[in-house]
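**Student:** See input.pdb below, with PDB, C-alpha atoms.
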```pdb
ATOM      1  CA  MET A  17      71.959 -18.810   1.217
ATOM      2  CA  SER A  18      68.580 -19.380  -0.490
ATOM      3  CA  LYS A  19      69.743 -17.527  -3.644
ATOM      4  CA  ALA A  20      72.665 -19.943  -3.932
ATOM      5  CA  TRP A  21      70.302 -22.929  -3.736
ATOM      6  CA  ILE A  22      67.996 -21.439  -6.348
ATOM      7  CA  LEU A  23      70.911 -20.782  -8.709
ATOM      8  CA  ALA A  24      72.306 -24.274  -8.127
ATOM      9  CA  GLY A  25      68.887 -25.808  -8.794
ATOM     10  CA  ALA A  26      68.452 -23.769 -11.977
ATOM     11  CA  ALA A  27      71.903 -24.800 -13.190
ATOM     12  CA  ALA A  28      71.139 -28.474 -12.508
ATOM     13  CA  LEU A  29      67.847 -28.286 -14.427
ATOM     14  CA  ALA A  30      69.569 -26.597 -17.363
ATOM     15  CA  ALA A  31      72.244 -29.307 -17.448
ATOM     16  CA  LEU A  32      69.623 -32.078 -17.362
ATOM     17  CA  GLY A  33      67.610 -30.407 -20.117
ATOM     18  CA  GLY A  34      70.686 -30.006 -22.339
ATOM     19  CA  GLY A  35      71.671 -33.645 -21.795
ATOM     20  CA  GLY A  36      68.140 -34.770 -22.599
ATOM     21  CA  LEU A  37      68.202 -32.891 -25.898
ATOM     22  CA  LEU A  38      71.421 -34.680 -26.881
ATOM     23  CA  LEU A  39      69.861 -38.067 -26.144
ATOM     24  CA  PHE A  40      66.661 -37.413 -28.097
ATOM     25  CA  ARG A  41      67.988 -35.461 -31.057
ATOM     26  CA  GLY A  42      67.302 -38.266 -33.547
ATOM     27  CA  PRO A  43      69.399 -39.438 -36.488
ATOM     28  CA  PRO A  44      71.841 -37.059 -38.151
ATOM     29  CA  PRO A  45      70.606 -35.290 -41.283
ATOM     30  CA  SER A  46      71.338 -37.027 -44.566
ATOM     31  CA  GLN A  47      74.176 -35.669 -46.674
ATOM     32  CA  GLY A  48      72.866 -37.421 -49.779
ATOM     33  CA  GLU A  49      74.510 -40.767 -48.979
ATOM     34  CA  GLU A  50      71.366 -42.825 -48.414
ATOM     35  CA  GLY A  51      70.751 -45.817 -50.636
ATOM     36  CA  VAL A  52      70.753 -49.594 -51.014
ATOM     37  CA  PHE A  53      73.990 -51.054 -52.395
ATOM     38  CA  GLU A  54      74.543 -54.634 -53.562
ATOM     39  CA  SER A  55      77.440 -56.959 -54.386
ATOM     40  CA  ASP A  56      77.487 -60.583 -55.573
ATOM     41  CA  CYS A  57      80.071 -61.392 -52.903
ATOM     42  CA  CYS A  58      78.136 -60.540 -49.787
ATOM     43  CA  GLY A  59      74.623 -59.146 -50.231
ATOM     44  CA  THR A  60      73.332 -55.662 -49.483
ATOM     45  CA  VAL A  61      74.401 -52.593 -47.553
ATOM     46  CA  THR A  62      71.725 -50.021 -46.729
ATOM     47  CA  LEU A  63      72.607 -46.483 -45.660
ATOM     48  CA  ALA A  64      69.651 -44.710 -44.038
ATOM     49  CA  LYS A  65      69.066 -42.344 -41.131
ATOM     50  CA  GLY A  66      72.666 -42.541 -39.916
ATOM     51  CA  ARG A  67      72.728 -46.352 -39.787
ATOM     52  CA  LEU A  68      74.490 -48.855 -42.042
ATOM     53  CA  ALA A  69      72.419 -52.074 -42.230
ATOM     54  CA  LEU A  70      73.942 -55.321 -43.497
ATOM     55  CA  ASN A  71      71.620 -57.628 -45.456
ATOM     56  CA  GLY A  72      68.661 -55.954 -43.773
ATOM     57  CA  GLY A  73      69.799 -57.144 -40.331
ATOM     58  CA  GLN A  74      72.628 -56.000 -38.101
ATOM     59  CA  SER A  75      73.314 -52.279 -38.259
ATOM     60  CA  VAL A  76      75.874 -49.800 -36.977
ATOM     61  CA  ARG A  77      75.890 -45.997 -36.769
ATOM     62  CA  TYR A  78      78.129 -44.051 -39.127
ATOM     63  CA  ASP A  79      79.362 -40.558 -39.896
ATOM     64  CA  VAL A  80      79.789 -39.003 -43.346
ATOM     65  CA  ALA A  81      82.965 -37.049 -44.095
ATOM     66  CA  ARG A  82      85.337 -36.037 -46.851
ATOM     67  CA  ASP A  83      89.135 -35.989 -47.088
ATOM     68  CA  ALA A  84      91.691 -35.463 -49.868
ATOM     69  CA  LYS A  85      90.665 -38.794 -51.469
ATOM     70  CA  GLY A  86      86.956 -37.899 -51.519
ATOM     71  CA  PRO A  87      83.777 -38.728 -49.573
ATOM     72  CA  TYR A  88      83.492 -41.680 -47.215
ATOM     73  CA  ILE A  89      81.381 -43.326 -44.536
ATOM     74  CA  LEU A  90      83.068 -44.012 -41.189
ATOM     75  CA  PRO A  91      81.161 -46.664 -39.215
ATOM     76  CA  HIS A  92      81.395 -46.448 -35.425
ATOM     77  CA  THR A  93      82.517 -50.120 -35.489
ATOM     78  CA  TYR A  94      84.722 -51.974 -38.012
ATOM     79  CA  VAL A  95      82.686 -53.291 -40.954
ATOM     80  CA  GLY A  96      84.258 -55.420 -43.684
ATOM     81  CA  ALA A  97      83.263 -57.891 -46.370
ATOM     82  CA  LEU A  98      83.905 -61.634 -46.134
ATOM     83  CA  GLU A  99      83.981 -63.192 -49.588
ATOM     84  CA  ASP A 100      81.100 -65.663 -50.094
ATOM     85  CA  GLN A 101      80.199 -65.364 -46.398
ATOM     86  CA  GLY A 102      78.666 -61.921 -45.905
ATOM     87  CA  PHE A 103      79.987 -59.284 -43.570
ATOM     88  CA  GLU A 104      82.268 -58.909 -40.616
ATOM     89  CA  VAL A 105      81.454 -56.485 -37.794
ATOM     90  CA  ASP A 106      84.269 -56.470 -35.263
ATOM     91  CA  GLY A 107      84.549 -54.154 -32.281
ATOM     92  CA  THR A 108      88.158 -55.201 -31.647
ATOM     93  CA  GLN A 109      89.451 -53.769 -34.946
ATOM     94  CA  PRO A 110      89.695 -50.057 -35.734
ATOM     95  CA  ALA A 111      86.924 -48.753 -37.987
ATOM     96  CA  GLN A 112      87.925 -48.133 -41.605
ATOM     97  CA  LYS A 113      86.695 -45.577 -44.091
ATOM     98  CA  LEU A 114      84.182 -46.975 -46.574
ATOM     99  CA  ARG A 115      84.798 -44.988 -49.739
ATOM    100  CA  LEU A 116      81.949 -43.488 -51.765
ATOM    101  CA  ASP A 117      82.466 -42.628 -55.433
ATOM    102  CA  ARG A 118      80.644 -39.286 -54.995
ATOM    103  CA  LEU A 119      78.254 -37.257 -52.851
ATOM    104  CA  PRO A 120      75.375 -36.708 -53.111
ATOM    105  CA  ALA A 121      73.765 -39.840 -54.557
ATOM    106  CA  PRO A 122      76.764 -42.205 -54.577
ATOM    107  CA  ARG A 123      76.679 -44.985 -57.168
ATOM    108  CA  ALA A 124      79.174 -47.224 -55.343
ATOM    109  CA  ILE A 125      80.641 -47.896 -51.905
ATOM    110  CA  GLN A 126      83.797 -49.914 -51.149
ATOM    111  CA  LEU A 127      84.013 -52.298 -48.179
ATOM    112  CA  PRO A 128      87.423 -53.589 -47.135
ATOM    113  CA  MET A 129      88.480 -57.238 -47.017
ATOM    114  CA  GLY A 130      92.073 -57.274 -45.864
ATOM    115  CA  ALA A 131      94.168 -55.507 -48.488
ATOM    116  CA  ARG A 132      91.306 -55.767 -51.036
ATOM    117  CA  ALA A 133      88.001 -53.949 -51.263
ATOM    118  CA  PHE A 134      84.637 -55.065 -52.599
ATOM    119  CA  VAL A 135      82.587 -52.595 -54.596
ATOM    120  CA  PHE A 136      78.870 -52.454 -53.852
ATOM    121  CA  ARG A 137      76.717 -50.835 -56.577
ATOM    122  CA  ARG A 138      73.652 -48.715 -55.865
ATOM    123  CA  LYS A 139      70.363 -50.519 -56.479
ATOM    124  CA  GLY A 140      67.952 -47.873 -55.221
ATOM    125  CA  LEU A 141      66.811 -45.869 -52.244
ATOM    126  CA  PRO A 142      65.976 -47.351 -48.838
ATOM    127  CA  ALA A 143      62.329 -48.053 -48.083
ATOM    128  CA  ARG A 144      60.662 -45.058 -46.443
ATOM    129  CA  THR A 145      59.465 -45.472 -42.888
ATOM    130  CA  PRO A 146      57.249 -42.973 -41.094
TER     131      PRO A 146
END
```
Translate this structure into structure tokens?
**Tutor:**
Amino acid sequence: MSKAWILAGAAALAALGGGGLLLFRGPPPSQGEEGVFESDCCGTVTLAKGRLALNGGQSVRYDVARDAKGPYILPHTYVGALEDQGFEVDGTQPAQKLRLDRLPAPRAIQLPMGARAFVFRRKGLPARTP
């Protein structure tokens, strides 16, 4: 009976340790997408350390992927542009692909606004933080 308890305890510790590693793994590695992008319509979009920041404020996590149409960013929450108003972040809408013109070092990213899309042009790299 004591061997069973020891094995059960060891299994529980291993499960807790594995879960802890998933929680503290940090941001995903960059795939060359990081940068600051700007548009006259809405302001700036910053891609850095797995987060998409809007005008230096609100941010959402994202994944980088590629399909037949090319590379894109997929935010974990819907992000769109609102002409002359800024950005829309809406958890009730499905997330949409934000198209990049290339990877690595994209020069432009497209944010949807209904059937249209606004193009944000690269202005530089994000500020480095320790």
**Student:** Could you check which of A:Val52, A:Ala84, A:Ile89, A:Ala64 is closest to Arg123 in chain A, using all atoms listed in the file?
**Tutor:**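 Distance minimum relative to Arg123 in chain A lands on A:Val52.
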**Student:** I'd like the residues picked by the PyMOL selection byres ((chain A and resi 127-144) around 12) written out as a ChimeraX atom specification, using the chain letters and numbers from the file.
**Tutor:** /A:48-65,67-70,72,88-91,94-105,109,111-118,121-126,145-146
**Student:** What does the structure give for the distance between CA of Ser75 in chain A and CA of Asp106 in chain A, in Å to one decimal?
**Tutor:**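 Going from CA of Ser75 in chain A over to CA of Asp106 in chain A, I get 12.1 Å.
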**Student:** How big is the axis-aligned box around the listed atoms of range 94-97 of chain A once 3 Å is added on each side, and where is its centre? Give both in Å to one decimal, as JSON.
**Tutor:**
```
{"center_x": 83.7, "center_y": -54.9, "center_z": -42.2, "size_x": 8.0, "size_y": 11.9, "size_z": 14.4}
```
**Student:** How far is it from CA of Asp83 in chain A to CA of Gly66 in chain A, in Å with one decimal?
**Tutor:**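 Computing it gives 19.1 Å between the two atoms.
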**Student:** I'd like the interatomic distance between CA of Gln47 in chain A and CA of Gly73 in chain A, to a tenth of an Å.
**Tutor:**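 Computing it gives 22.8 Å between the two atoms.
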**Student:** If I only have part of range 117-128 of chain A, can you fill in all heavy atoms and write it as a PDB file, in the coordinates of the input?
**Tutor:**
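Done, and the output landed in rebuild.pdb:
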```pdb
ATOM      1  N   ASP A 117      81.932 -43.185 -54.191  1.00  0.00           N
ATOM      2  CA  ASP A 117      82.466 -42.628 -55.433  1.00  0.00           C
ATOM      3  C   ASP A 117      82.117 -41.152 -55.599  1.00  0.00           C
ATOM      4  O   ASP A 117      82.811 -40.427 -56.295  1.00  0.00           O
ATOM      5  CB  ASP A 117      82.008 -43.442 -56.646  1.00  0.00           C
ATOM      6  CG  ASP A 117      80.505 -43.394 -56.850  1.00  0.00           C
ATOM      7  OD1 ASP A 117      79.757 -43.144 -55.882  1.00  0.00           O
ATOM      8  OD2 ASP A 117      80.069 -43.618 -57.996  1.00  0.00           O
ATOM      9  N   ARG A 118      81.034 -40.702 -54.932  1.00  0.00           N
ATOM     10  CA  ARG A 118      80.644 -39.286 -54.995  1.00  0.00           C
ATOM     11  C   ARG A 118      79.580 -39.004 -53.943  1.00  0.00           C
ATOM     12  O   ARG A 118      78.984 -39.925 -53.378  1.00  0.00           O
ATOM     13  CB  ARG A 118      80.124 -38.916 -56.380  1.00  0.00           C
ATOM     14  CG  ARG A 118      78.802 -39.608 -56.699  1.00  0.00           C
ATOM     15  CD  ARG A 118      78.311 -39.274 -58.072  1.00  0.00           C
ATOM     16  NE  ARG A 118      76.959 -39.808 -58.252  1.00  0.00           N
ATOM     17  CZ  ARG A 118      76.267 -39.665 -59.344  1.00  0.00           C
ATOM     18  NH1 ARG A 118      76.779 -39.022 -60.367  1.00  0.00           N
ATOM     19  NH2 ARG A 118      75.058 -40.165 -59.437  1.00  0.00           N
ATOM     20  N   LEU A 119      79.356 -37.740 -53.691  1.00  0.00           N
ATOM     21  CA  LEU A 119      78.254 -37.257 -52.851  1.00  0.00           C
ATOM     22  C   LEU A 119      77.715 -36.015 -53.521  1.00  0.00           C
ATOM     23  O   LEU A 119      78.505 -35.198 -54.000  1.00  0.00           O
ATOM     24  CB  LEU A 119      78.739 -36.893 -51.448  1.00  0.00           C
ATOM     25  CG  LEU A 119      78.626 -37.934 -50.358  1.00  0.00           C
ATOM     26  CD1 LEU A 119      79.152 -37.392 -49.037  1.00  0.00           C
ATOM     27  CD2 LEU A 119      77.233 -38.476 -50.192  1.00  0.00           C
ATOM     28  N   PRO A 120      76.437 -35.806 -53.573  1.00  0.00           N
ATOM     29  CA  PRO A 120      75.375 -36.708 -53.111  1.00  0.00           C
ATOM     30  C   PRO A 120      75.113 -37.834 -54.104  1.00  0.00           C
ATOM     31  O   PRO A 120      75.711 -37.873 -55.172  1.00  0.00           O
ATOM     32  CB  PRO A 120      74.165 -35.778 -53.004  1.00  0.00           C
ATOM     33  CG  PRO A 120      74.409 -34.719 -54.030  1.00  0.00           C
ATOM     34  CD  PRO A 120      75.912 -34.540 -54.081  1.00  0.00           C
ATOM     35  N   ALA A 121      74.209 -38.711 -53.737  1.00  0.00           N
ATOM     36  CA  ALA A 121      73.765 -39.840 -54.557  1.00  0.00           C
ATOM     37  C   ALA A 121      74.922 -40.713 -55.049  1.00  0.00           C
ATOM     38  O   ALA A 121      75.141 -40.858 -56.256  1.00  0.00           O
ATOM     39  CB  ALA A 121      72.918 -39.368 -55.732  1.00  0.00           C
ATOM     40  N   PRO A 122      75.676 -41.326 -54.137  1.00  0.00           N
ATOM     41  CA  PRO A 122      76.764 -42.205 -54.577  1.00  0.00           C
ATOM     42  C   PRO A 122      76.232 -43.377 -55.388  1.00  0.00           C
ATOM     43  O   PRO A 122      75.127 -43.866 -55.149  1.00  0.00           O
ATOM     44  CB  PRO A 122      77.394 -42.680 -53.266  1.00  0.00           C
ATOM     45  CG  PRO A 122      76.348 -42.500 -52.242  1.00  0.00           C
ATOM     46  CD  PRO A 122      75.509 -41.343 -52.687  1.00  0.00           C
ATOM     47  N   ARG A 123      77.031 -43.819 -56.349  1.00  0.00           N
ATOM     48  CA  ARG A 123      76.679 -44.985 -57.168  1.00  0.00           C
ATOM     49  C   ARG A 123      77.365 -46.239 -56.667  1.00  0.00           C
ATOM     50  O   ARG A 123      76.988 -47.343 -57.038  1.00  0.00           O
ATOM     51  CB  ARG A 123      77.068 -44.742 -58.620  1.00  0.00           C
ATOM     52  CG  ARG A 123      76.281 -43.614 -59.276  1.00  0.00           C
ATOM     53  CD  ARG A 123      76.818 -43.313 -60.628  1.00  0.00           C
ATOM     54  NE  ARG A 123      78.206 -42.844 -60.426  1.00  0.00           N
ATOM     55  CZ  ARG A 123      78.885 -42.108 -61.281  1.00  0.00           C
ATOM     56  NH1 ARG A 123      78.349 -41.772 -62.400  1.00  0.00           N
ATOM     57  NH2 ARG A 123      80.117 -41.738 -61.018  1.00  0.00           N
ATOM     58  N   ALA A 124      78.414 -46.071 -55.830  1.00  0.00           N
ATOM     59  CA  ALA A 124      79.174 -47.224 -55.343  1.00  0.00           C
ATOM     60  C   ALA A 124      79.780 -46.914 -53.982  1.00  0.00           C
ATOM     61  O   ALA A 124      80.072 -45.763 -53.663  1.00  0.00           O
ATOM     62  CB  ALA A 124      80.273 -47.597 -56.331  1.00  0.00           C
ATOM     63  N   ILE A 125      79.966 -47.978 -53.193  1.00  0.00           N
ATOM     64  CA  ILE A 125      80.641 -47.896 -51.905  1.00  0.00           C
ATOM     65  C   ILE A 125      81.608 -49.075 -51.830  1.00  0.00           C
ATOM     66  O   ILE A 125      81.302 -50.155 -52.333  1.00  0.00           O
ATOM     67  CB  ILE A 125      79.621 -47.919 -50.739  1.00  0.00           C
ATOM     68  CG1 ILE A 125      80.318 -47.762 -49.390  1.00  0.00           C
ATOM     69  CG2 ILE A 125      78.777 -49.163 -50.767  1.00  0.00           C
ATOM     70  CD1 ILE A 125      79.347 -47.578 -48.233  1.00  0.00           C
ATOM     71  N   GLN A 126      82.780 -48.856 -51.255  1.00  0.00           N
ATOM     72  CA  GLN A 126      83.797 -49.914 -51.149  1.00  0.00           C
ATOM     73  C   GLN A 126      83.900 -50.382 -49.705  1.00  0.00           C
ATOM     74  O   GLN A 126      84.071 -49.573 -48.803  1.00  0.00           O
ATOM     75  CB  GLN A 126      85.160 -49.399 -51.589  1.00  0.00           C
ATOM     76  CG  GLN A 126      85.242 -49.070 -53.040  1.00  0.00           C
ATOM     77  CD  GLN A 126      86.638 -48.593 -53.425  1.00  0.00           C
ATOM     78  OE1 GLN A 126      87.572 -48.672 -52.651  1.00  0.00           O
ATOM     79  NE2 GLN A 126      86.757 -48.083 -54.632  1.00  0.00           N
ATOM     80  N   LEU A 127      83.808 -51.700 -49.499  1.00  0.00           N
ATOM     81  CA  LEU A 127      84.013 -52.298 -48.179  1.00  0.00           C
ATOM     82  C   LEU A 127      85.309 -53.081 -48.194  1.00  0.00           C
ATOM     83  O   LEU A 127      85.563 -53.841 -49.125  1.00  0.00           O
ATOM     84  CB  LEU A 127      82.860 -53.240 -47.811  1.00  0.00           C
ATOM     85  CG  LEU A 127      81.716 -52.574 -47.049  1.00  0.00           C
ATOM     86  CD1 LEU A 127      80.875 -51.762 -47.994  1.00  0.00           C
ATOM     87  CD2 LEU A 127      80.904 -53.599 -46.336  1.00  0.00           C
ATOM     88  N   PRO A 128      86.128 -52.917 -47.161  1.00  0.00           N
ATOM     89  CA  PRO A 128      87.423 -53.589 -47.135  1.00  0.00           C
ATOM     90  C   PRO A 128      87.308 -55.086 -46.845  1.00  0.00           C
ATOM     91  O   PRO A 128      86.376 -55.539 -46.199  1.00  0.00           O
ATOM     92  CB  PRO A 128      88.158 -52.886 -45.987  1.00  0.00           C
ATOM     93  CG  PRO A 128      87.078 -52.436 -45.075  1.00  0.00           C
ATOM     94  CD  PRO A 128      85.917 -52.098 -45.974  1.00  0.00           C
TER      95      PRO A 128
END
```
